[in-house]
$ cat data.cif   # mmCIF, C-alpha atoms
data_work
loop_
_atom_site.label_atom_id
_atom_site.label_comp_id
_atom_site.auth_asym_id
_atom_site.auth_seq_id
_atom_site.Cartn_x
_atom_site.Cartn_y
_atom_site.Cartn_z
CA MET D 179 135.79 143.72 87.09
CA LYS D 180 139.02 142.17 88.37
CA THR D 181 139.08 138.42 88.79
CA ASN D 182 141.37 136.31 90.94
CA HIS D 183 142.16 132.62 91.15
CA TYR D 184 140.67 130.80 94.13
CA GLU D 185 140.61 127.32 95.57
CA SER D 186 137.76 126.08 97.74
CA VAL D 187 137.78 122.83 99.66
CA VAL D 188 134.29 121.70 100.57
CA VAL D 189 133.53 118.82 102.95
CA LEU D 190 130.05 117.36 102.54
CA ASN D 191 128.15 115.10 104.89
CA ALA D 192 129.34 111.58 104.03
CA THR D 193 125.96 110.01 104.78
CA LEU D 194 124.42 111.62 101.69
CA GLU D 195 123.55 109.38 98.78
CA ASP D 196 125.39 109.87 95.49
CA THR D 197 122.44 111.67 93.89
CA GLN D 198 122.23 114.11 96.80
CA THR D 199 125.98 114.69 96.72
CA ASN D 200 125.87 115.35 92.98
CA SER D 201 123.00 117.82 93.37
CA VAL D 202 124.94 119.79 96.01
CA LEU D 203 128.05 119.80 93.79
CA ASN D 204 126.01 120.90 90.75
CA ARG D 205 124.48 123.71 92.80
CA ILE D 206 127.97 124.93 93.78
CA GLU D 207 129.17 124.74 90.17
CA ASP D 208 126.09 126.63 88.94
CA GLN D 209 126.58 129.35 91.54
CA ILE D 210 130.19 129.89 90.49
CA SER D 211 129.34 129.90 86.77
CA SER D 212 126.28 132.13 87.05
CA ASN D 213 128.22 134.82 88.96
CA SER D 214 130.91 135.43 86.32
CA GLY D 215 133.18 132.68 87.60
CA GLN D 216 135.01 130.11 85.54
CA ILE D 217 135.75 126.68 86.99
CA LEU D 218 139.25 125.54 86.06
CA ASN D 219 139.42 122.20 87.87
CA ILE D 220 137.27 120.01 90.09
CA ASP D 221 139.01 117.34 92.12
CA LYS D 222 136.69 114.91 93.90
CA TRP D 223 138.64 113.18 96.65
CA GLY D 224 135.64 111.14 97.78
CA ARG D 225 134.82 109.92 101.27
CA LYS D 226 137.65 110.34 103.76
CA ARG D 227 137.96 110.05 107.51
CA LEU D 228 137.95 113.41 109.28
CA ALA D 229 140.82 114.35 111.59
CA TYR D 230 138.29 115.00 114.35
CA PRO D 231 134.51 114.63 114.62
CA ILE D 232 132.46 117.49 113.16
CA HIS D 233 128.76 117.57 114.09
CA LYS D 234 129.16 113.99 115.33
CA GLN D 235 130.37 112.91 111.87
CA LYS D 236 133.57 110.89 111.53
CA SER D 237 133.91 111.06 107.75
CA GLY D 238 133.15 113.50 104.96
CA PHE D 239 133.06 113.75 101.17
CA TYR D 240 135.87 116.06 100.02
CA VAL D 241 135.78 118.18 96.85
CA VAL D 242 138.37 120.75 95.73
CA TYR D 243 137.33 123.51 93.30
CA GLN D 244 139.85 125.69 91.50
CA TYR D 245 138.24 128.64 89.76
CA GLU D 246 138.66 132.17 88.56
CA ALA D 247 136.08 134.62 89.86
CA PRO D 248 135.49 138.22 90.93
CA ARG D 249 136.02 139.07 94.60
CA GLU D 250 132.33 139.68 95.17
CA LEU D 251 131.49 136.06 94.41
CA ILE D 252 133.46 134.73 97.39
CA ALA D 253 131.17 136.37 99.96
CA LYS D 254 128.06 135.03 98.19
CA LEU D 255 129.57 131.58 97.81
CA GLU D 256 130.69 131.28 101.43
CA ARG D 257 127.29 132.51 102.64
CA SER D 258 125.60 129.73 100.67
CA PHE D 259 128.12 127.23 102.10
CA ARG D 260 127.20 128.31 105.65
CA LEU D 261 123.47 128.01 104.95
CA ASP D 262 123.68 124.60 103.27
CA GLU D 263 123.18 121.95 105.95
CA ASN D 264 124.88 119.30 103.78
CA ILE D 265 128.21 121.18 103.86
CA ILE D 266 129.95 120.52 107.17
CA ARG D 267 133.20 122.47 106.49
CA PHE D 268 134.73 124.65 103.78
CA LEU D 269 137.83 126.72 103.18
CA THR D 270 138.46 129.21 100.39
CA ILE D 271 141.89 130.64 99.63
CA LYS D 272 143.16 133.09 97.02
CA LEU D 273 145.88 131.53 94.89
CA THR D 274 149.03 133.55 94.26
CA LYS D 275 151.12 133.49 91.11
CA LYS D 276 153.57 131.14 92.85
CA ASP D 277 150.70 128.76 93.74
CA LEU D 278 149.50 128.72 90.14
CA GLU D 279 153.01 127.96 88.88
CA HIS D 280 153.31 125.08 91.36
CA ILE D 281 149.93 123.67 90.30
CA ALA D 282 150.92 123.87 86.61
CA LYS D 283 154.28 122.18 87.31
CA LYS D 284 152.60 119.39 89.31
CA LYS D 285 150.01 118.86 86.57
CA ALA D 286 152.73 118.62 83.90
CA GLN D 287 154.65 116.13 86.05
CA ILE D 288 151.57 113.93 86.49
CA GLU D 289 150.83 114.04 82.75
CA SER D 290 154.41 113.08 81.85
CA GLU D 291 154.33 110.17 84.31
CA ALA D 292 151.04 109.00 82.81
CA ALA D 293 152.52 109.19 79.31
CA ILE D 294 155.55 107.15 80.41
CA LYS D 295 153.27 104.50 81.98
CA ALA D 296 151.15 104.36 78.82
CA GLU D 297 154.25 103.95 76.64
CA THR D 298 155.60 101.22 78.91
CA ALA D 299 152.28 99.38 78.84
CA LYS D 300 152.19 99.65 75.06
CA GLU D 301 155.71 98.23 74.79
CA ASN D 302 154.76 95.34 77.10
CA VAL D 303 151.78 94.46 74.90
CA VAL D 304 153.97 94.52 71.79
CA ASP D 305 156.56 92.29 73.52
CA GLU D 306 153.84 89.83 74.60
CA ASN D 307 152.47 89.69 71.05
CA LYS D 308 155.93 88.93 69.66
CA GLU D 309 156.49 86.16 72.22
CA SER D 310 153.12 84.58 71.47
CA ASN D 311 153.82 84.62 67.71
CA ASP D 312 157.17 82.87 68.19
#
$ encode --input "data.cif" --output "structure tokens"
Amino acid sequence: MKTNHYESVVVLNATLEDTQTNSVLNRIEDQISSNSGQILNIDKWGRKRLAYPIHKQKSGFYVVYQYEAPRELIAKLERSFRLDENIIRFLTIKLTKKDLEHIAKKKAQIESEAAIKAETAKENVVDENKESND
């Protein structure tokens, strides 16, 4: 069974409580995992203002899933998205090799920036300790 890389953006109703939001997200994760899919990354953007009202809602809770799954899973997953009344919008795309390279490059860039910030912070603490000892 051939698998592909996919990315799904799901917008949940922002009026849900955190426990309800987490249960919807866990249900999505379980559905991907139980149908031979492997979740690679979950990026929770949180509550954001929508560009235009959807079902009289002005904001939504955004979540981005990156996963590897067989083609057959996408139809099942999108059907469950349509039937779930807590999901107000979704979009699933198939990632190409170029997309995956871009994602890997961006991730490496973010990690290197974080390492530089951590090193700078560590140096600042050492400098402060030296000044306080003097």
$ residues_near_point --input "data.cif" --point "(131.8, 122.5, 106.4)" --cutoff "7 Å" --atoms "all atoms listed in the file" --output "PyMOL selection string"
chain D and resi 188-190+265-268
$ closest_residue --input "data.cif" --among "D:Asn191, D:Gln287, D:Asn200, D:Gln244" --to "Ile271 of chain D" --atoms "all atoms listed in the file"
D:Gln244
$ residues_around --input "data.cif" --residues "Asn204 of chain D" --least-positions-apart "6" --cutoff "12 Å" --atoms "only C-alpha atoms" --output "PyMOL selection string"
chain D and resi 197-198+210-212+217+220+241+243
$ residues_around --input "data.cif" --residues "Asn213 of chain D" --least-positions-apart "4" --cutoff "12 Å" --atoms "only C-alpha atoms" --output "VMD selection string"
chain D and resid 179 181 206 to 209 217 245 to 255
$ write_last_selection --input "data.cif" --atoms "C-alpha atoms" --output "PDB file, in the coordinates of the input"
ATOM      1  CA  MET D 179     135.790 143.720  87.090  1.00  0.00           C
ATOM      2  CA  THR D 181     139.080 138.420  88.790  1.00  0.00           C
ATOM      3  CA  ILE D 206     127.970 124.930  93.780  1.00  0.00           C
ATOM      4  CA  GLU D 207     129.170 124.740  90.170  1.00  0.00           C
ATOM      5  CA  ASP D 208     126.090 126.630  88.940  1.00  0.00           C
ATOM      6  CA  GLN D 209     126.580 129.350  91.540  1.00  0.00           C
ATOM      7  CA  ILE D 217     135.750 126.680  86.990  1.00  0.00           C
ATOM      8  CA  TYR D 245     138.240 128.640  89.760  1.00  0.00           C
ATOM      9  CA  GLU D 246     138.660 132.170  88.560  1.00  0.00           C
ATOM     10  CA  ALA D 247     136.080 134.620  89.860  1.00  0.00           C
ATOM     11  CA  PRO D 248     135.490 138.220  90.930  1.00  0.00           C
ATOM     12  CA  ARG D 249     136.020 139.070  94.600  1.00  0.00           C
ATOM     13  CA  GLU D 250     132.330 139.680  95.170  1.00  0.00           C
ATOM     14  CA  LEU D 251     131.490 136.060  94.410  1.00  0.00           C
ATOM     15  CA  ILE D 252     133.460 134.730  97.390  1.00  0.00           C
ATOM     16  CA  ALA D 253     131.170 136.370  99.960  1.00  0.00           C
ATOM     17  CA  LYS D 254     128.060 135.030  98.190  1.00  0.00           C
ATOM     18  CA  LEU D 255     129.570 131.580  97.810  1.00  0.00           C
TER      19      LEU D 255
END
$ atom_distance --input "data.cif" --atom1 "atom CA of Leu261 of chain D" --atom2 "atom CA of Thr193 of chain D"
18.2 Å
$ decode --input "data.cif" --residues "segment 200-213 of chain D" --atoms "N, CA and C atoms" --output "mmCIF file, in the first residue's frame"
data_model
loop_
_atom_site.group_PDB
_atom_site.id
_atom_site.type_symbol
_atom_site.label_atom_id
_atom_site.label_comp_id
_atom_site.auth_asym_id
_atom_site.auth_seq_id
_atom_site.Cartn_x
_atom_site.Cartn_y
_atom_site.Cartn_z
ATOM 1 N N ASN D 200 -9.784 19.413 22.802
ATOM 2 C CA ASN D 200 -8.825 18.312 22.905
ATOM 3 C C ASN D 200 -9.448 16.979 22.511
ATOM 4 N N SER D 201 -10.720 16.770 22.840
ATOM 5 C CA SER D 201 -11.361 15.506 22.462
ATOM 6 C C SER D 201 -11.528 15.406 20.950
ATOM 7 N N VAL D 202 -11.851 16.516 20.287
ATOM 8 C CA VAL D 202 -11.963 16.512 18.823
ATOM 9 C C VAL D 202 -10.598 16.232 18.206
ATOM 10 N N LEU D 203 -9.552 16.881 18.722
ATOM 11 C CA LEU D 203 -8.201 16.689 18.195
ATOM 12 C C LEU D 203 -7.719 15.255 18.427
ATOM 13 N N ASN D 204 -8.023 14.691 19.592
ATOM 14 C CA ASN D 204 -7.645 13.298 19.866
ATOM 15 C C ASN D 204 -8.367 12.338 18.931
ATOM 16 N N ARG D 205 -9.617 12.642 18.628
ATOM 17 C CA ARG D 205 -10.392 11.802 17.714
ATOM 18 C C ARG D 205 -9.760 11.822 16.313
ATOM 19 N N ILE D 206 -9.329 12.988 15.862
ATOM 20 C CA ILE D 206 -8.675 13.104 14.553
ATOM 21 C C ILE D 206 -7.364 12.314 14.551
ATOM 22 N N GLU D 207 -6.571 12.485 15.602
ATOM 23 C CA GLU D 207 -5.292 11.774 15.706
ATOM 24 C C GLU D 207 -5.501 10.261 15.723
ATOM 25 N N ASP D 208 -6.509 9.794 16.468
ATOM 26 C CA ASP D 208 -6.808 8.366 16.532
ATOM 27 C C ASP D 208 -7.236 7.832 15.170
ATOM 28 N N GLN D 209 -8.020 8.617 14.443
ATOM 29 C CA GLN D 209 -8.484 8.166 13.139
ATOM 30 C C GLN D 209 -7.317 8.030 12.162
ATOM 31 N N ILE D 210 -6.387 8.959 12.210
ATOM 32 C CA ILE D 210 -5.214 8.869 11.333
ATOM 33 C C ILE D 210 -4.371 7.655 11.716
ATOM 34 N N SER D 211 -4.104 7.487 12.997
ATOM 35 C CA SER D 211 -3.250 6.396 13.465
ATOM 36 C C SER D 211 -3.875 5.026 13.246
ATOM 37 N N SER D 212 -5.168 4.908 13.453
ATOM 38 C CA SER D 212 -5.818 3.600 13.340
ATOM 39 C C SER D 212 -6.016 3.156 11.894
ATOM 40 N N ASN D 213 -5.830 4.050 10.936
ATOM 41 C CA ASN D 213 -5.979 3.702 9.521
ATOM 42 C C ASN D 213 -4.634 3.708 8.801
#
